[in-house]
Structure formats: structure tokens, C-alpha cells
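Student: Just dropping this structure here.
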Amino acid sequence: MDLNDREQKVSATSGGAQRGGSGVPGGRRKQRVSMADVAKLAGVSSQTVSRVSNGHPGVISSTREQVLAAMRELGYRPNSAARALRYGQFNTIGVILFSLSSTGNSRTVEAIATHAAAEGYAITLIPIDVPTQDNVLGAFTRMGELAVDAVIVIMEIHLLDTGTVQLPPGVHVVVVDSDAGDRYSVVDTDQADGARKAVRHLLDLGHRTVWHVTGPRTSFAAQRRTQAWRAALEEAGRPVPPPLHGDWSAESGHAAGLALAEEPDCTAVFASNDQMALGLLRAFHERGRSVPGDISVVGFDDIPDAAFFVPPLTTVHQDFAEVGRRCVQGALRQIRTHGGARPGTDLVPTRLVIRRSTAAPPG
């Protein structure tokens, strides 16, 4: 059918809806364009329009283009809710998390959204103000009301009221950065290996030991990095200095740096993230301690700004894009196998990015 004959075709569809209303004075609301209207304009059956709307592969390309052209001309939008009820799939993945303020969480959510969109899925985001078991279960209830196919939980900190999180049964779920272990499908950066790489790099440069500025005590990632820092020093037979506690902020790194600047034996520091490393650099500069001439500094994350610190920061690179991709793939695997995927932990490797904030110790 020739799609250029606009006058004849539009008058034959939707009872004049495409001409600006029903023709009643006062301008009533336009009628909704139906699948039958599209089929009539494209010269095909309603079943063919349905197959094109649902992305069915069994439609020849010329017919598909004809149907899509008719959809564009009429402004037709498929009824996704009805389609979801019919096929039992909503093409939506829920994301539950406690905070968007941290670098890891915000970049992981960005990666999840990007990879979900590439698979034809939207995301629904629900933040939790207070990390308790009841609030987690409440978020799952809300996700059920919003009709999602699977849930990704970014659970980077301990719950306040229980040692181990319990997620509701019968839900397709992927957990990020937690202590969920083998009970659920878990995706995480290999935090321990990244910390070991940082410590070994400094020891290989000739430093006697490595001081450490930790992340928050409630953070699973910070705990793993601290444990790996300690283990790497002990395995090398080196003294383990007392760790200084931070909270991920540059301010806490600055406070730790002012204290470390007074330690005459401190020649190397591993900070648990790049923002705290930035605070260290500022504190050492204020106290007249050269980096890396007097003290070497290594961070963790490899944020985009790390290459522009003064000096450029040696750090452990986290592949947040890969974490997000594996989360989405894990969720889709459960959707497509109806929960048949086995639980377990999928660790994303890290790599050390060496820049100019590390060098051999003085003397």
C-alpha cells in the first residue's frame, strides 16, 4: 500500500482522530490510535503489527519497515502493560541501594542502566534511607508492586539490625558488594586482590612497610581491602602499622595525612579510595612532605580525576562498567531460566595503574 496517500488513509483511520479531534466544537481529546488503525494504514493484519511491536523475528524486513512507518505516521505506541500481562514479562529490572553518593554506587548504577538499556530493559531505582532488614524487605515489596522481572541489590554496608541479610524467596536477585556468599548470585570487584597489588607495588619499590587509611567500618569493600593490606604485610614478614580510619571523604584523608606527616618512619601509604588519597596529598603538601620524594601514595578506584592529581595518582582500577554488565547478565540469566542460575560469587578483576605518586623510599 502506498504510504504517501495521506488524505485517503488518515480519513480511513481512528474516526478522524488524526485530524485534531472528533470534530466536536471545543476540541475533545484525540482518540487513542489502535493496532487495527496501524494495520489498516500499513495494509497488513493486526497479527503482523503485533509481531512487529513485540520484536518477533519472523517478519520480512520490507513489511516491518511498512508497519514501523505507519506507527510513526499515526503516533502509535504499543500498550506495554497489556503486553507484559500477556507474556508475564515487564522488561524492567529493579535496583535497590543505600546511597548514590559514593563513587562505586553511582558508577555501578550508571553501568547497570546502560547495559540494561542495551538489552531492551528499563531500570526502577529505590534508595533505602536506613539500612535495616525491614527496610530491605519493604523495598522488595515496593518492587513487586512496580512489576519488575528481577532485582539488583547494591548492599555495600552492613545492616544495622542483623548480621546477615535475608532476602525474600522466589525473587530473581543479584547482589552487589556484600557478604551474601553462596546463598545468592553475587557480583563484586576483587577487592582483596586489588589491595594486595597496591601493597606489593610499594614493597617492591623498597619500602619497609605500608601504612593504611581505611574506609568506613560498616563497608564490606573497606573491610576486604584492610584485611588484604594486613595479610600482604604479614606474608612479607613486614611490620603492620596501626591503620588510620577514614570515611571515604577527602576530608578524612586530609586528617589522616596530617597525622602521618608526623610519623618519621612513614614512607608509603595505601588509601582505601582515591578521595582519601587526595586528602593525603594535600596534607603532605601542607606539612612540606614531598610525594613521592618523601612519601609514596596509592589509592583505590581510579576515578577519572586521579590522573590529574598533583602528582598523578597511582591507584587500583575498578571496572564498574564490567560490574554493571555482569549484574545485568546475571539478572537476565535468572529471568530466562526462571531462576535456574546457580548462586555464587562472580569477581571482577582489578589492575594497578602506576602514575607518579609512587617511587622508591628516600635515601
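Here's how to read the names in the C-alpha cells: chain A, B, ... by the order shown, residue numbers from 1 in each chain, ligand numbers from 1 in the order shown.
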Please give the complete set of residues from stretch 190-262 of chain A that DSSP, run on the backbone, assigns to strand (DSSP E), formatted as a list in words.
Tutor: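 Taking stretch 190-262 of chain A and keeping strand (DSSP E) gives Trp211, His212, Val213, Thr214, Leu244 and His245 of chain A.
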Student: Within 9 Å of stretch 243-254 of chain A, counting only C-alpha atoms, which residues show up once you throw out same-chain ones fewer than 4 positions away? Write them as an mmCIF file with N, CA and C atoms, in the first residue's frame, please.
Tutor:
data_model
loop_
_atom_site.group_PDB
_atom_site.id
_atom_site.type_symbol
_atom_site.label_atom_id
_atom_site.label_comp_id
_atom_site.auth_asym_id
_atom_site.auth_seq_id
_atom_site.Cartn_x
_atom_site.Cartn_y
_atom_site.Cartn_z
ATOM 1 N N SER A 102 28.351 7.645 46.900
ATOM 2 C CA SER A 102 29.691 7.105 46.736
ATOM 3 C C SER A 102 30.009 6.878 45.267
ATOM 4 N N TRP A 211 51.679 2.028 55.404
ATOM 5 C CA TRP A 211 50.604 2.500 56.279
ATOM 6 C C TRP A 211 49.293 2.469 55.504
ATOM 7 N N HIS A 212 48.189 2.529 56.244
ATOM 8 C CA HIS A 212 46.888 2.350 55.591
ATOM 9 C C HIS A 212 45.845 3.287 56.181
ATOM 10 N N VAL A 213 45.074 3.948 55.280
ATOM 11 C CA VAL A 213 43.891 4.717 55.669
ATOM 12 C C VAL A 213 42.674 3.931 55.197
ATOM 13 N N THR A 214 41.873 3.478 56.136
ATOM 14 C CA THR A 214 40.751 2.590 55.830
ATOM 15 C C THR A 214 39.529 3.371 55.380
ATOM 16 N N GLY A 215 38.563 2.643 54.815
ATOM 17 C CA GLY A 215 37.236 3.193 54.591
ATOM 18 C C GLY A 215 36.389 2.991 55.832
ATOM 19 N N PRO A 216 35.092 3.286 55.768
ATOM 20 C CA PRO A 216 34.208 3.143 56.932
ATOM 21 C C PRO A 216 34.175 1.706 57.448
ATOM 22 N N ARG A 217 34.033 1.560 58.740
ATOM 23 C CA ARG A 217 33.983 0.225 59.348
ATOM 24 C C ARG A 217 32.776 -0.574 58.876
ATOM 25 N N THR A 226 41.213 -3.690 53.824
ATOM 26 C CA THR A 226 42.043 -3.636 55.041
ATOM 27 C C THR A 226 42.591 -5.016 55.386
ATOM 28 N N LEU A 258 47.654 14.516 57.984
ATOM 29 C CA LEU A 258 48.303 15.391 58.965
ATOM 30 C C LEU A 258 48.955 14.563 60.072
ATOM 31 N N ALA A 259 48.284 13.469 60.471
ATOM 32 C CA ALA A 259 48.865 12.593 61.494
ATOM 33 C C ALA A 259 50.061 11.827 60.946
ATOM 34 N N LEU A 260 49.941 11.297 59.731
ATOM 35 C CA LEU A 260 51.029 10.510 59.149
ATOM 36 C C LEU A 260 52.253 11.364 58.832
ATOM 37 N N ALA A 271 45.760 4.240 50.566
ATOM 38 C CA ALA A 271 44.444 4.771 50.938
ATOM 39 C C ALA A 271 43.370 3.910 50.302
ATOM 40 N N SER A 272 42.279 3.687 51.038
ATOM 41 C CA SER A 272 41.250 2.758 50.586
ATOM 42 C C SER A 272 40.382 3.309 49.463
ATOM 43 N N ASN A 273 40.503 4.600 49.153
ATOM 44 C CA ASN A 273 39.873 5.122 47.925
ATOM 45 C C ASN A 273 40.618 6.381 47.480
ATOM 46 N N ASP A 274 40.303 6.855 46.284
ATOM 47 C CA ASP A 274 41.048 7.968 45.692
ATOM 48 C C ASP A 274 40.758 9.301 46.377
ATOM 49 N N GLN A 275 39.518 9.502 46.858
ATOM 50 C CA GLN A 275 39.216 10.763 47.517
ATOM 51 C C GLN A 275 40.056 10.940 48.777
ATOM 52 N N MET A 276 40.222 9.868 49.553
ATOM 53 C CA MET A 276 41.064 9.971 50.751
ATOM 54 C C MET A 276 42.523 10.157 50.361
ATOM 55 N N ALA A 277 42.935 9.546 49.257
ATOM 56 C CA ALA A 277 44.302 9.764 48.764
ATOM 57 C C ALA A 277 44.516 11.232 48.407
ATOM 58 N N LEU A 278 43.488 11.868 47.837
ATOM 59 C CA LEU A 278 43.586 13.297 47.523
ATOM 60 C C LEU A 278 43.795 14.109 48.801
ATOM 61 N N GLY A 279 43.079 13.760 49.869
ATOM 62 C CA GLY A 279 43.277 14.438 51.147
ATOM 63 C C GLY A 279 44.683 14.240 51.691
ATOM 64 N N LEU A 280 45.226 13.032 51.499
ATOM 65 C CA LEU A 280 46.607 12.765 51.920
ATOM 66 C C LEU A 280 47.581 13.685 51.184
ATOM 67 N N LEU A 281 47.419 13.803 49.870
ATOM 68 C CA LEU A 281 48.318 14.640 49.077
ATOM 69 C C LEU A 281 48.296 16.083 49.569
ATOM 70 N N ARG A 282 47.118 16.590 49.886
ATOM 71 C CA ARG A 282 47.003 17.961 50.389
ATOM 72 C C ARG A 282 47.702 18.112 51.739
ATOM 73 N N ALA A 283 47.490 17.151 52.640
ATOM 74 C CA ALA A 283 48.099 17.232 53.966
ATOM 75 C C ALA A 283 49.618 17.159 53.886
ATOM 76 N N PHE A 284 50.150 16.262 53.077
ATOM 77 C CA PHE A 284 51.606 16.144 52.954
ATOM 78 C C PHE A 284 52.203 17.416 52.359
#
Student: Can you pull out every residue within 6 Å of stretch 70-77 of chain A, counting only C-alpha atoms, but drop anything in the same chain fewer than 5 positions away, and send it as an NGL selection string?
Tutor: :A and (33 or 38 or 42)
Student: What is the distance, in Å and to one decimal place, between atom CA of A:Gln318 and atom CA of A:Ile335?
Tutor: 27.3 Å
Student: From stretch 89-314 of chain A, collect each residue whose DSSP state is helix (DSSP H, G or I) and return the set as an MDAnalysis selection string.
Tutor: chainID A and resid 103:118 133:145 181:183 191:204 220:235 250:260 274:286 304:308
Student: Identify, on the basis of only C-alpha atoms, every residue whose closest approach to stretch 124-135 of chain A does not exceed 12 Å; exclude the query and any residue fewer than 2 positions from it along the same chain; express the result as a ChimeraX atom specification.
Tutor: /A:90-101,105-106,109-110,112-113,116-117,121-122,137-168,218-219
Student: For A:Arg208, please output as a PyMOL selection string all residues within 9 Å (counting only C-alpha atoms; exclusion window: fewer than 4 positions along the same chain).
Tutor: chain A and resi 202-203+238-239+265+267-268+361
Student: Let me see the file: selected residues, N, CA, C and O atoms, as a PDB file, in the first residue's frame.
Tutor:
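To be explicit, this is the file written out as part-v7.pdb:
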ATOM      1  N   LEU A 202      54.257  -1.211  46.472  1.00  0.00           N
ATOM      2  CA  LEU A 202      55.042  -0.355  47.361  1.00  0.00           C
ATOM      3  C   LEU A 202      56.206  -1.120  47.992  1.00  0.00           C
ATOM      4  O   LEU A 202      57.314  -0.588  48.112  1.00  0.00           O
ATOM      5  N   LEU A 203      55.972  -2.359  48.374  1.00  0.00           N
ATOM      6  CA  LEU A 203      57.068  -3.159  48.941  1.00  0.00           C
ATOM      7  C   LEU A 203      58.138  -3.425  47.887  1.00  0.00           C
ATOM      8  O   LEU A 203      59.343  -3.378  48.182  1.00  0.00           O
ATOM      9  N   ARG A 238      56.624  -8.171  57.165  1.00  0.00           N
ATOM     10  CA  ARG A 238      56.834  -6.758  57.461  1.00  0.00           C
ATOM     11  C   ARG A 238      55.979  -6.327  58.642  1.00  0.00           C
ATOM     12  O   ARG A 238      54.916  -6.892  58.894  1.00  0.00           O
ATOM     13  N   PRO A 239      56.409  -5.293  59.353  1.00  0.00           N
ATOM     14  CA  PRO A 239      55.592  -4.782  60.458  1.00  0.00           C
ATOM     15  C   PRO A 239      54.270  -4.214  59.940  1.00  0.00           C
ATOM     16  O   PRO A 239      54.202  -3.681  58.823  1.00  0.00           O
ATOM     17  N   ASP A 265      58.835   7.383  60.291  1.00  0.00           N
ATOM     18  CA  ASP A 265      59.064   6.127  59.583  1.00  0.00           C
ATOM     19  C   ASP A 265      58.068   5.892  58.441  1.00  0.00           C
ATOM     20  O   ASP A 265      58.153   4.865  57.761  1.00  0.00           O
ATOM     21  N   THR A 267      56.864   6.076  54.956  1.00  0.00           N
ATOM     22  CA  THR A 267      57.337   6.396  53.599  1.00  0.00           C
ATOM     23  C   THR A 267      56.357   5.937  52.526  1.00  0.00           C
ATOM     24  O   THR A 267      56.576   6.230  51.350  1.00  0.00           O
ATOM     25  N   ALA A 268      55.308   5.212  52.916  1.00  0.00           N
ATOM     26  CA  ALA A 268      54.346   4.715  51.930  1.00  0.00           C
ATOM     27  C   ALA A 268      52.978   4.556  52.576  1.00  0.00           C
ATOM     28  O   ALA A 268      52.881   4.070  53.713  1.00  0.00           O
ATOM     29  N   PRO A 361      61.734   4.601  48.330  1.00  0.00           N
ATOM     30  CA  PRO A 361      61.793   5.448  49.532  1.00  0.00           C
ATOM     31  C   PRO A 361      63.030   6.342  49.516  1.00  0.00           C
ATOM     32  O   PRO A 361      64.008   6.053  48.810  1.00  0.00           O
TER      33      PRO A 361
END
Student: If we count only C-alpha atoms, what is near A:Pro343 at a cut-off of 12 Å, once residues fewer than 4 positions away on the same chain are taken out, given as number ranges by chain?
Tutor: A: 172-175, 180-187, 330-331, 333-334, 339
Student: Please measure the separation of atom CA of A:Gly194 and atom CA of A:Val316, giving the value in Å to one decimal.
Tutor: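 It comes out at 6.0 Å.
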Student: Using only C-alpha atoms, pick whichever of A:Ala256, A:Leu313, A:Ala195, A:Ala232 has the shortest atom-to-atom distance to A:Ser357.
Tutor: A:Leu313
Student: Given the choices A:Thr209, A:Arg287, A:Ala255, A:Phe308, which gets closest to A:Gly237 if the distance is worked out from only C-alpha atoms?
Tutor: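 Of A:Thr209, A:Arg287, A:Ala255, A:Phe308, the one nearest A:Gly237 is A:Thr209, counting only C-alpha atoms.
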Student: Looking at A:Ala36, A:Ile303, A:Ala221, A:Leu68, which one is nearest to A:Thr103, with distances taken over only C-alpha atoms?
Tutor: A:Ile303
